[in-house]
$ cat target08.cif   # mmCIF, C-alpha atoms (C1' of nucleotides)
data_upload
loop_
_atom_site.group_PDB
_atom_site.id
_atom_site.type_symbol
_atom_site.label_atom_id
_atom_site.label_comp_id
_atom_site.auth_asym_id
_atom_site.auth_seq_id
_atom_site.Cartn_x
_atom_site.Cartn_y
_atom_site.Cartn_z
ATOM 1 C CA MET A 50 80.402 88.651 119.159
ATOM 2 C CA ASP A 51 79.578 90.431 122.430
ATOM 3 C CA THR A 52 82.511 90.069 124.772
ATOM 4 C CA PRO A 53 81.536 87.922 127.756
ATOM 5 C CA VAL A 54 81.441 89.413 131.210
ATOM 6 C CA ASN A 55 83.916 87.001 132.735
ATOM 7 C CA LEU A 56 86.821 85.775 130.721
ATOM 8 C CA ARG A 57 88.395 82.458 131.528
ATOM 9 C CA MET A 58 91.986 81.577 131.068
ATOM 10 C CA THR A 59 91.602 78.268 129.309
ATOM 11 C CA LYS A 60 94.465 76.045 128.318
ATOM 12 C CA GLN A 61 94.116 77.121 124.691
ATOM 13 C CA ARG A 62 93.996 80.782 125.530
ATOM 14 C CA GLN A 63 97.005 80.463 127.801
ATOM 15 C CA VAL A 64 99.073 78.657 125.193
ATOM 16 C CA ILE A 65 98.138 81.161 122.495
ATOM 17 C CA LEU A 66 99.207 84.044 124.711
ATOM 18 C CA ASP A 67 102.319 82.218 125.736
ATOM 19 C CA GLU A 68 103.510 81.363 122.269
ATOM 20 C CA LEU A 69 102.679 84.741 120.858
ATOM 21 C CA ARG A 70 104.640 86.436 123.607
ATOM 22 C CA LYS A 71 107.755 84.524 122.892
ATOM 23 C CA MET A 72 107.682 85.130 119.151
ATOM 24 C CA HIS A 73 109.179 88.282 117.864
ATOM 25 C CA THR A 74 107.609 87.918 114.472
ATOM 26 C CA HIS A 75 104.042 89.003 113.934
ATOM 27 C CA PRO A 76 102.111 85.967 112.827
ATOM 28 C CA THR A 77 98.781 85.714 111.050
ATOM 29 C CA ALA A 78 96.001 83.629 112.608
ATOM 30 C CA ASP A 79 96.850 80.814 110.285
ATOM 31 C CA GLU A 80 100.540 80.865 111.131
ATOM 32 C CA MET A 81 99.630 80.737 114.807
ATOM 33 C CA TYR A 82 97.342 77.815 114.141
ATOM 34 C CA ARG A 83 100.061 75.773 112.485
ATOM 35 C CA LEU A 84 102.468 76.533 115.297
ATOM 36 C CA LEU A 85 99.976 75.834 118.068
ATOM 37 C CA ARG A 86 99.117 72.407 116.794
ATOM 38 C CA LYS A 87 102.517 71.241 117.943
ATOM 39 C CA ARG A 88 101.469 71.805 121.533
ATOM 40 C CA LEU A 89 97.730 71.428 121.105
ATOM 41 C CA PRO A 90 97.130 69.035 118.231
ATOM 42 C CA LYS A 91 93.357 69.307 118.447
ATOM 43 C CA ILE A 92 92.980 73.068 118.545
ATOM 44 C CA SER A 93 90.792 74.457 115.809
ATOM 45 C CA LEU A 94 91.342 77.427 113.594
ATOM 46 C CA GLY A 95 88.078 78.952 114.791
ATOM 47 C CA THR A 96 89.376 78.885 118.350
ATOM 48 C CA VAL A 97 92.559 80.596 117.285
ATOM 49 C CA TYR A 98 90.622 83.368 115.600
ATOM 50 C CA ARG A 99 88.260 83.745 118.519
ATOM 51 C CA ASN A 100 91.039 83.940 121.058
ATOM 52 C CA LEU A 101 93.241 86.328 119.151
ATOM 53 C CA GLU A 102 90.218 88.544 118.950
ATOM 54 C CA VAL A 103 89.406 88.267 122.648
ATOM 55 C CA LEU A 104 92.994 88.730 123.736
ATOM 56 C CA SER A 105 93.373 91.852 121.694
ATOM 57 C CA ASP A 106 90.055 93.196 122.961
ATOM 58 C CA CYS A 107 91.476 92.818 126.486
ATOM 59 C CA GLY A 108 94.657 94.576 125.504
ATOM 60 C CA LEU A 109 96.789 91.533 126.293
ATOM 61 C CA ILE A 110 98.059 91.426 122.734
ATOM 62 C CA GLN A 111 97.845 93.757 119.770
ATOM 63 C CA LYS A 112 96.055 93.328 116.516
ATOM 64 C CA ILE A 113 98.372 94.863 113.978
ATOM 65 C CA GLU A 114 96.422 96.654 111.365
ATOM 66 C CA VAL A 115 98.824 97.733 108.714
ATOM 67 C CA ALA A 116 99.514 96.889 105.107
ATOM 68 C CA GLY A 117 98.394 93.632 103.616
ATOM 69 C CA THR A 118 95.309 91.573 103.549
ATOM 70 C CA GLN A 119 95.699 89.302 106.504
ATOM 71 C CA LYS A 120 95.494 90.441 110.078
ATOM 72 C CA ARG A 121 98.608 89.987 112.152
ATOM 73 C CA PHE A 122 99.061 89.783 115.896
ATOM 74 C CA ASP A 123 101.738 90.977 118.268
ATOM 75 C CA GLY A 124 102.430 89.586 121.742
ATOM 76 C CA ASN A 125 103.984 92.898 122.710
ATOM 77 C CA ALA A 126 101.129 95.012 123.978
ATOM 78 C CA SER A 127 103.105 98.196 124.587
ATOM 79 C CA HIS A 128 102.824 101.196 122.298
ATOM 80 C CA HIS A 129 105.213 100.840 119.421
ATOM 81 C CA HIS A 130 105.265 100.915 115.652
ATOM 82 C CA HIS A 131 106.399 98.743 112.773
ATOM 83 C CA VAL A 132 108.776 98.658 109.805
ATOM 84 C CA ARG A 133 107.874 96.500 106.874
ATOM 85 C CA CYS A 134 110.225 95.281 104.199
ATOM 86 C CA ALA A 135 108.814 96.227 100.818
ATOM 87 C CA GLN A 136 110.422 93.188 99.274
ATOM 88 C CA CYS A 137 109.927 90.282 101.640
ATOM 89 C CA SER A 138 107.165 91.719 103.872
ATOM 90 C CA ARG A 139 109.165 91.113 107.031
ATOM 91 C CA LEU A 140 107.671 93.119 109.875
ATOM 92 C CA GLU A 141 109.678 94.375 112.823
ATOM 93 C CA ASP A 142 109.040 96.513 115.847
ATOM 94 C CA VAL A 143 110.172 100.125 116.006
ATOM 95 C CA TYR A 144 110.405 102.084 119.196
ATOM 96 C CA VAL A 145 110.219 105.655 118.083
ATOM 97 C CA ASP A 146 107.326 107.921 118.665
ATOM 98 C CA VAL A 147 105.995 110.991 117.027
ATOM 99 C CA ASP A 148 105.642 114.133 118.964
ATOM 100 C CA ALA A 149 103.044 113.785 121.671
ATOM 101 C CA GLU A 150 100.968 116.660 120.426
ATOM 102 C CA MET A 151 100.340 115.101 117.063
ATOM 103 C CA ASP A 152 97.063 113.485 118.142
ATOM 104 C CA GLN A 153 95.804 116.835 119.388
ATOM 105 C CA LYS A 154 96.920 118.586 116.272
ATOM 106 C CA VAL A 155 94.975 116.117 114.173
ATOM 107 C CA SER A 156 91.977 116.475 116.484
ATOM 108 C CA ARG A 157 91.903 120.191 115.763
ATOM 109 C CA LEU A 158 92.372 119.722 112.068
ATOM 110 C CA THR A 159 89.752 117.073 111.539
ATOM 111 C CA GLU A 160 87.300 117.519 114.403
ATOM 112 C CA PHE A 161 87.716 113.865 115.300
ATOM 113 C CA ASP A 162 88.542 113.107 118.952
ATOM 114 C CA VAL A 163 91.814 111.413 118.184
ATOM 115 C CA SER A 164 93.012 109.023 120.840
ATOM 116 C CA MET A 165 95.813 107.083 119.201
ATOM 117 C CA HIS A 166 97.809 106.523 116.087
ATOM 118 C CA ARG A 167 99.733 103.811 114.369
ATOM 119 C CA MET A 168 102.671 104.171 112.126
ATOM 120 C CA GLU A 169 104.243 101.933 109.623
ATOM 121 C CA PHE A 170 107.583 102.582 108.011
ATOM 122 C CA VAL A 171 108.341 100.900 104.724
ATOM 123 C CA GLY A 172 111.770 100.121 103.363
ATOM 124 C CA VAL A 173 114.194 97.379 102.532
ATOM 125 C CA CYS A 174 115.408 95.048 105.252
ATOM 126 C CA PRO A 175 119.079 94.159 105.798
ATOM 127 C CA SER A 176 118.858 90.772 104.109
ATOM 128 C CA CYS A 177 117.051 92.102 101.057
ATOM 129 C CA LYS A 178 119.666 94.862 100.795
ATOM 130 C CA VAL A 179 122.356 92.201 100.645
ATOM 131 C CA ALA A 180 120.397 90.215 98.092
ATOM 132 C CA ALA A 181 120.009 93.349 95.955
ATOM 133 C CA ASN A 182 123.778 93.855 95.831
ATOM 134 C CA ALA A 183 124.552 90.246 94.991
ATOM 135 C CA MET B 19 99.529 88.816 87.701
ATOM 136 C CA ASP B 20 102.558 90.201 85.803
ATOM 137 C CA THR B 21 101.835 93.756 84.855
ATOM 138 C CA PRO B 22 101.487 94.017 81.066
ATOM 139 C CA VAL B 23 103.997 96.004 79.054
ATOM 140 C CA ASN B 24 101.463 98.360 77.551
ATOM 141 C CA LEU B 25 98.551 99.525 79.571
ATOM 142 C CA ARG B 26 95.385 100.610 77.841
ATOM 143 C CA MET B 27 92.985 103.222 79.006
ATOM 144 C CA THR B 28 89.760 101.354 78.573
ATOM 145 C CA LYS B 29 86.372 102.827 79.203
ATOM 146 C CA GLN B 30 86.105 100.909 82.470
ATOM 147 C CA ARG B 31 89.532 101.952 83.673
ATOM 148 C CA GLN B 32 88.808 105.565 82.839
ATOM 149 C CA VAL B 33 85.521 105.595 84.671
ATOM 150 C CA ILE B 34 87.022 103.933 87.719
ATOM 151 C CA LEU B 35 89.783 106.526 87.886
ATOM 152 C CA ASP B 36 87.345 109.283 87.264
ATOM 153 C CA GLU B 37 84.875 108.324 89.934
ATOM 154 C CA LEU B 38 87.528 107.555 92.481
ATOM 155 C CA ARG B 39 89.094 110.957 91.949
ATOM 156 C CA LYS B 40 85.934 112.809 92.602
ATOM 157 C CA MET B 41 85.102 110.933 95.791
ATOM 158 C CA HIS B 42 86.625 112.110 98.969
ATOM 159 C CA THR B 43 85.734 108.967 100.821
ATOM 160 C CA HIS B 44 87.938 105.918 100.532
ATOM 161 C CA PRO B 45 85.851 103.138 99.108
ATOM 162 C CA THR B 46 86.417 99.406 99.167
ATOM 163 C CA ALA B 47 86.393 97.503 95.888
ATOM 164 C CA ASP B 48 82.845 96.470 96.549
ATOM 165 C CA GLU B 49 81.667 99.997 97.256
ATOM 166 C CA MET B 50 83.273 101.113 94.006
ATOM 167 C CA TYR B 51 81.535 98.306 92.196
ATOM 168 C CA ARG B 52 78.101 99.344 93.427
ATOM 169 C CA LEU B 53 78.791 102.940 92.493
ATOM 170 C CA LEU B 54 80.218 102.165 89.081
ATOM 171 C CA ARG B 55 77.246 100.129 88.001
ATOM 172 C CA LYS B 56 75.275 103.336 87.755
ATOM 173 C CA ARG B 57 77.480 104.411 84.875
ATOM 174 C CA LEU B 58 78.556 100.981 83.640
ATOM 175 C CA PRO B 59 75.758 98.574 84.433
ATOM 176 C CA LYS B 60 77.625 95.583 83.047
ATOM 177 C CA ILE B 61 80.944 96.054 84.794
ATOM 178 C CA SER B 62 82.040 93.070 86.827
ATOM 179 C CA LEU B 63 83.502 92.953 90.298
ATOM 180 C CA GLY B 64 86.566 91.169 88.953
ATOM 181 C CA THR B 65 87.235 94.071 86.625
ATOM 182 C CA VAL B 66 86.978 96.504 89.475
ATOM 183 C CA TYR B 67 89.498 94.544 91.526
ATOM 184 C CA ARG B 68 91.870 94.160 88.585
ATOM 185 C CA ASN B 69 91.775 97.820 87.707
ATOM 186 C CA LEU B 70 92.157 99.145 91.212
ATOM 187 C CA GLU B 71 95.221 96.953 91.413
ATOM 188 C CA VAL B 72 96.660 98.148 88.107
ATOM 189 C CA LEU B 73 95.938 101.794 88.811
ATOM 190 C CA SER B 74 97.647 101.636 92.154
ATOM 191 C CA ASP B 75 100.614 99.817 90.658
ATOM 192 C CA CYS B 76 100.972 102.754 88.279
ATOM 193 C CA GLY B 77 100.756 105.250 91.087
ATOM 194 C CA LEU B 78 97.609 106.833 89.693
ATOM 195 C CA ILE B 79 95.697 106.022 92.834
ATOM 196 C CA GLN B 80 96.652 104.766 96.283
ATOM 197 C CA LYS B 81 95.853 101.494 97.902
ATOM 198 C CA ILE B 82 95.260 102.413 101.503
ATOM 199 C CA GLU B 83 96.687 99.867 103.796
ATOM 200 C CA VAL B 84 95.401 100.650 107.215
ATOM 201 C CA ALA B 85 93.168 99.021 109.796
ATOM 202 C CA GLY B 86 90.436 96.666 108.825
ATOM 203 C CA THR B 87 90.075 93.640 106.680
ATOM 204 C CA GLN B 88 89.077 95.178 103.417
ATOM 205 C CA LYS B 89 91.396 97.089 101.159
ATOM 206 C CA ARG B 90 90.455 100.668 100.473
ATOM 207 C CA PHE B 91 91.441 102.976 97.656
ATOM 208 C CA ASP B 92 92.148 106.668 97.412
ATOM 209 C CA GLY B 93 91.972 108.776 94.277
ATOM 210 C CA ASN B 94 94.372 111.234 95.828
ATOM 211 C CA ALA B 95 97.828 109.993 94.994
ATOM 212 C CA SER B 96 99.753 112.594 96.992
ATOM 213 C CA HIS B 97 101.432 111.844 100.307
ATOM 214 C CA HIS B 98 99.006 112.185 103.148
ATOM 215 C CA HIS B 99 97.651 110.237 106.096
ATOM 216 C CA HIS B 100 94.308 109.103 107.471
ATOM 217 C CA VAL B 101 92.026 109.339 110.493
ATOM 218 C CA ARG B 102 89.630 106.505 111.167
ATOM 219 C CA CYS B 103 86.534 106.639 113.311
ATOM 220 C CA ALA B 104 86.717 103.849 115.850
ATOM 221 C CA GLN B 105 82.944 103.617 115.874
ATOM 222 C CA CYS B 106 81.728 103.901 112.313
ATOM 223 C CA SER B 107 85.020 103.245 110.456
ATOM 224 C CA ARG B 108 84.741 106.469 108.496
ATOM 225 C CA LEU B 109 88.110 107.299 106.997
ATOM 226 C CA GLU B 110 89.265 110.819 106.198
ATOM 227 C CA ASP B 111 92.409 112.437 104.898
ATOM 228 C CA VAL B 112 94.840 114.214 107.194
ATOM 229 C CA TYR B 113 97.462 116.599 105.955
ATOM 230 C CA VAL B 114 99.994 116.606 108.722
ATOM 231 C CA ASP B 115 103.363 115.069 108.507
ATOM 232 C CA VAL B 116 105.891 113.836 110.962
ATOM 233 C CA ASP B 117 109.264 115.437 111.025
ATOM 234 C CA ALA B 118 111.267 114.725 107.949
ATOM 235 C CA GLU B 119 114.055 113.027 109.798
ATOM 236 C CA MET B 120 111.877 110.296 111.171
ATOM 237 C CA ASP B 121 112.527 107.936 108.281
ATOM 238 C CA GLN B 122 116.248 108.359 108.725
ATOM 239 C CA LYS B 123 116.009 107.876 112.433
ATOM 240 C CA VAL B 124 114.189 104.602 111.909
ATOM 241 C CA SER B 125 116.737 103.589 109.281
ATOM 242 C CA ARG B 126 119.488 103.937 111.831
ATOM 243 C CA LEU B 127 117.554 102.127 114.510
ATOM 244 C CA THR B 128 116.476 99.171 112.457
ATOM 245 C CA GLU B 129 119.021 98.910 109.674
ATOM 246 C CA PHE B 130 116.217 98.942 107.143
ATOM 247 C CA ASP B 131 116.539 101.460 104.297
ATOM 248 C CA VAL B 132 113.345 103.275 105.139
ATOM 249 C CA SER B 133 111.822 105.183 102.261
ATOM 250 C CA MET B 134 108.347 106.062 103.430
ATOM 251 C CA HIS B 135 105.842 105.778 106.202
ATOM 252 C CA ARG B 136 102.110 105.715 106.670
ATOM 253 C CA MET B 137 100.196 106.933 109.609
ATOM 254 C CA GLU B 138 96.738 106.275 110.811
ATOM 255 C CA PHE B 139 95.062 108.214 113.578
ATOM 256 C CA VAL B 140 92.135 106.656 115.371
ATOM 257 C CA GLY B 141 89.390 108.484 117.160
ATOM 258 C CA VAL B 142 85.730 109.352 117.144
ATOM 259 C CA CYS B 143 84.295 111.322 114.255
ATOM 260 C CA PRO B 144 82.051 114.360 114.655
ATOM 261 C CA SER B 145 78.828 112.505 113.931
ATOM 262 C CA CYS B 146 79.615 109.677 116.307
ATOM 263 C CA LYS B 147 80.461 112.235 118.994
ATOM 264 C CA VAL B 148 77.004 113.731 118.587
ATOM 265 C CA ALA B 149 75.391 110.302 118.679
ATOM 266 C CA ALA B 150 77.273 109.486 121.882
ATOM 267 C CA ASN B 151 75.862 112.537 123.635
ATOM 268 C CA ALA B 152 72.297 111.893 122.574
ATOM 269 C "C1'" DC C 179 75.846 75.103 138.746
ATOM 270 C "C1'" DT C 180 76.218 77.753 134.619
ATOM 271 C "C1'" DA C 181 78.277 81.123 131.735
ATOM 272 C "C1'" DC C 182 81.951 80.607 128.876
ATOM 273 C "C1'" DT C 183 84.580 77.943 125.701
ATOM 274 C "C1'" DT C 184 85.884 74.320 122.548
ATOM 275 C "C1'" DG C 185 86.112 71.525 118.108
ATOM 276 C "C1'" DC C 186 83.973 70.754 114.080
ATOM 277 C "C1'" DA C 187 81.796 71.777 109.980
ATOM 278 C "C1'" DA C 188 79.386 74.847 107.272
ATOM 279 C "C1'" DA C 189 78.734 79.632 105.865
ATOM 280 C "C1'" DA C 190 80.065 84.100 104.762
ATOM 281 C "C1'" DA C 191 83.077 87.627 103.134
ATOM 282 C "C1'" DA C 192 86.791 89.139 100.254
ATOM 283 C "C1'" DT C 193 89.715 88.431 96.525
ATOM 284 C "C1'" DT C 194 91.682 85.998 92.584
ATOM 285 C "C1'" DT C 195 91.642 83.403 88.393
ATOM 286 C "C1'" DG C 196 90.553 80.700 83.812
ATOM 287 C "C1'" DC C 197 88.510 81.296 79.850
ATOM 288 C "C1'" DT C 198 86.415 83.069 75.616
ATOM 289 C "C1'" DG C 199 85.222 86.692 72.936
ATOM 290 C "C1'" DC C 200 85.863 91.940 72.366
ATOM 291 C "C1'" DT C 201 88.787 96.325 71.775
ATOM 292 C "C1'" DA C 202 92.339 99.927 72.049
ATOM 293 C "C1'" DT C 203 96.343 100.894 69.857
ATOM 294 C "C1'" DA D 177 96.838 92.416 63.644
ATOM 295 C "C1'" DT D 178 97.443 91.510 68.382
ATOM 296 C "C1'" DA D 179 98.528 92.228 73.233
ATOM 297 C "C1'" DG D 180 95.642 93.547 76.551
ATOM 298 C "C1'" DC D 181 90.895 93.600 78.648
ATOM 299 C "C1'" DA D 182 86.159 92.687 79.745
ATOM 300 C "C1'" DG D 183 82.559 89.886 81.630
ATOM 301 C "C1'" DC D 184 81.196 85.801 83.735
ATOM 302 C "C1'" DA D 185 81.467 82.111 86.789
ATOM 303 C "C1'" DA D 186 84.045 79.164 89.480
ATOM 304 C "C1'" DA D 187 87.835 78.692 92.741
ATOM 305 C "C1'" DT D 188 90.644 80.327 96.603
ATOM 306 C "C1'" DT D 189 91.650 82.532 100.665
ATOM 307 C "C1'" DT D 190 90.486 84.524 104.975
ATOM 308 C "C1'" DT D 191 87.358 85.017 108.638
ATOM 309 C "C1'" DT D 192 83.043 84.139 111.094
ATOM 310 C "C1'" DT D 193 79.365 81.399 113.038
ATOM 311 C "C1'" DG D 194 75.897 77.656 114.807
ATOM 312 C "C1'" DC D 195 75.777 74.002 117.553
ATOM 313 C "C1'" DA D 196 76.315 70.259 120.907
ATOM 314 C "C1'" DA D 197 79.396 68.700 124.288
ATOM 315 C "C1'" DG D 198 83.114 69.931 127.763
ATOM 316 C "C1'" DT D 199 85.084 72.918 131.551
ATOM 317 C "C1'" DA D 200 86.755 76.773 134.615
ATOM 318 C "C1'" DG D 201 85.445 79.220 138.456
#
$ encode --input "target08.cif" --output "structure tokens"
Amino acid sequence: MDTPVNLRMTKQRQVILDELRKMHTHPTADEMYRLLRKRLPKISLGTVYRNLEVLSDCGLIQKIEVAGTQKRFDGNASHHHHVRCAQCSRLEDVYVDVDAEMDQKVSRLTEFDVSMHRMEFVGVCPSCKVAANA
Amino acid sequence: MDTPVNLRMTKQRQVILDELRKMHTHPTADEMYRLLRKRLPKISLGTVYRNLEVLSDCGLIQKIEVAGTQKRFDGNASHHHHVRCAQCSRLEDVYVDVDAEMDQKVSRLTEFDVSMHRMEFVGVCPSCKVAANA
DNA sequence: CTACTTGCAAAAAATTTGCTGCTAT
DNA sequence: ATAGCAGCAAATTTTTTGCAAGTAG
């Protein structure tokens, strides 16, 4: 899958980007596919996978690589982290950051050239807390 | 897959735990399977999956949920983080931790009851650095 | 034009499961 | 004895790919 030299903004690609940007959940490829078919009834799952891949290679979206089997995608391309509910798997954005020297500290410790990090917090979301007290 | 009331330490389970504990890499189920067949030629891949699941449910090992499609497992059950090589996917342990108040800070921000976090650093490992300069 | 992309269908990769006989406790 | 497990093979789930026809630039 060598990335092509010139990327085109096709209808499909545009709609994928568009929809993903207005969602604040973090859908899987399959969830995107089901949603997209409302606007593009003939889109194929392969196209969805290919475009999510391309868009995240370009940095227009993020591939979220945290817990769980399925990949998830995030229309918010800025640096941020996630909280996951241990009970219902809900995933939300978190805008905190660890101290800026952490990457360098890890570089020294491990001899890797560390360039970024991801963080996932795990806990119980507000609605599952309520459910637990019911 | 309801966890049984009484777990048994079968030969297979013991060997899986044993081998995983002495590795300092973080194998996938399939990598474990190939390794295990040296000691248990008849073990099946299904058994490997089932046991890695059970052992991590018990807290005897960790299921590492970081980047990538495949699940990975870690014989070291203590709290620690990981560095991944962006080029060769090598995964190593990191013993740094973020400040202890981070979980609480995120709890306040998100209204989740945050109880833990995972962190993954991404970079280039020593051998890939050498390869890049060759 | 023509390199890139699509839809479709088939393949591959990763994981889970049903079942029958074996085994740890 | 018996609940729990193993091995095997088949099924599911998730992701990737080959190909022929369509399209953005």
$ closest_residue --input "target08.cif" --among "A:Ser93, A:Ser164, A:Ser127, A:Asn100" --to "C:DC186" --atoms "all atoms listed in the file"
A:Ser93
$ closest_atom_pairs --input "target08.cif" --of "chain C" --to "chain A" --cutoff "12 Å" --atoms "all atoms listed in the file" --output "JSON lines"
{"residue": "C:DA181", "atom": "C1'", "partner": "A:Asn55", "partner_atom": "CA", "distance": 8.2}
{"residue": "C:DC182", "atom": "C1'", "partner": "A:Arg57", "partner_atom": "CA", "distance": 7.2}
{"residue": "C:DT183", "atom": "C1'", "partner": "A:Thr59", "partner_atom": "CA", "distance": 7.9}
{"residue": "C:DT184", "atom": "C1'", "partner": "A:Thr96", "partner_atom": "CA", "distance": 7.1}
{"residue": "C:DG185", "atom": "C1'", "partner": "A:Ser93", "partner_atom": "CA", "distance": 6.0}
{"residue": "C:DC186", "atom": "C1'", "partner": "A:Ser93", "partner_atom": "CA", "distance": 7.9}
{"residue": "C:DA187", "atom": "C1'", "partner": "A:Gly95", "partner_atom": "CA", "distance": 10.7}
{"residue": "C:DA192", "atom": "C1'", "partner": "A:Thr118", "partner_atom": "CA", "distance": 9.5}
{"residue": "C:DT193", "atom": "C1'", "partner": "A:Thr118", "partner_atom": "CA", "distance": 9.5}
$ write_last_selection --input "target08.cif" --atoms "C-alpha atoms (C1' of nucleotides)" --output "compact mmCIF listing (two decimals), in the coordinates of the input"
# COMPACT_ATOMS: atom_id res chain seq x y z
C1' DA C 181 78.28 81.12 131.74
C1' DC C 182 81.95 80.61 128.88
C1' DT C 183 84.58 77.94 125.70
C1' DT C 184 85.88 74.32 122.55
C1' DG C 185 86.11 71.53 118.11
C1' DC C 186 83.97 70.75 114.08
C1' DA C 187 81.80 71.78 109.98
C1' DA C 192 86.79 89.14 100.25
C1' DT C 193 89.72 88.43 96.52
$ closest_residue --input "target08.cif" --among "A:Lys87, A:Arg157, A:His166, A:Lys120" --to "chain B" --atoms "only C-alpha atoms"
A:His166
$ resolve_selection --input "target08.cif" --expression "the PyMOL selection byres ((chain A and resi 108) around 12)" --output "list in words"
Leu66, Leu101, Glu102, Val103, Leu104, Ser105, Asp106, Cys107, Leu109, Ile110, Gln111, Lys112, Phe122, Asp123, Gly124, Asn125, Ala126, Ser127 and His128 of chain A
$ resolve_selection --input "target08.cif" --expression "the PyMOL selection byres ((chain A) within 10 of (chain B))" --output "ChimeraX atom specification"
/A:112-120,130-135,141-148,151-152,154-156,158-178
$ atom_distance --input "target08.cif" --atom1 "atom CA of B:Leu54" --atom2 "atom CA of B:Arg39"
12.8 Å
$ atom_distance --input "target08.cif" --atom1 "atom CA of B:Ala150" --atom2 "atom CA of B:Arg108"
15.6 Å
$ residues_around --input "target08.cif" --residues "D:DT191" --least-positions-apart "5" --cutoff "9 Å" --atoms "only C-alpha atoms (C1' of nucleotides)" --output "list in words"
Gly95 and Tyr98 of chain A; DA190 and DA191 of chain C
$ closest_residue --input "target08.cif" --among "A:Ser138, A:Thr77, A:Asn182, A:Gln153" --to "chain D" --atoms "all atoms listed in the file"
A:Thr77
$ interface_residues --input "target08.cif" --of "chain D" --to "chain B" --cutoff "12 Å" --atoms "all atoms listed in the file" --output "PDB file with C-alpha atoms (C1' of nucleotides), in the frame of the given file"
ATOM      1  C1'  DA D 179      98.528  92.228  73.233  1.00  0.00           C
ATOM      2  C1'  DG D 180      95.642  93.547  76.551  1.00  0.00           C
ATOM      3  C1'  DC D 181      90.895  93.600  78.648  1.00  0.00           C
ATOM      4  C1'  DA D 182      86.159  92.687  79.745  1.00  0.00           C
ATOM      5  C1'  DG D 183      82.559  89.886  81.630  1.00  0.00           C
ATOM      6  C1'  DC D 184      81.196  85.801  83.735  1.00  0.00           C
ATOM      7  C1'  DA D 185      81.467  82.111  86.789  1.00  0.00           C
ATOM      8  C1'  DT D 190      90.486  84.524 104.975  1.00  0.00           C
ATOM      9  C1'  DT D 191      87.358  85.017 108.638  1.00  0.00           C
TER      10       DT D 191
END
$ atom_distance --input "target08.cif" --atom1 "atom CA of A:Asp79" --atom2 "atom C1' of D:DT199"
25.6 Å
$ resolve_selection --input "target08.cif" --expression "the PyMOL selection byres ((chain C and resi 195) around 8)" --output "PyMOL selection string"
(chain C and resi 194+196) or (chain D and resi 187)
$ axis_aligned_box --input "target08.cif" --around "stretch 181-190 of chain C" --padding-each-side "8 Å" --output "lines of an AutoDock Vina configuration file"
center_x = 82.2
center_y = 77.4
center_z = 118.2
size_x = 23.8
size_y = 29.3
size_z = 43.0
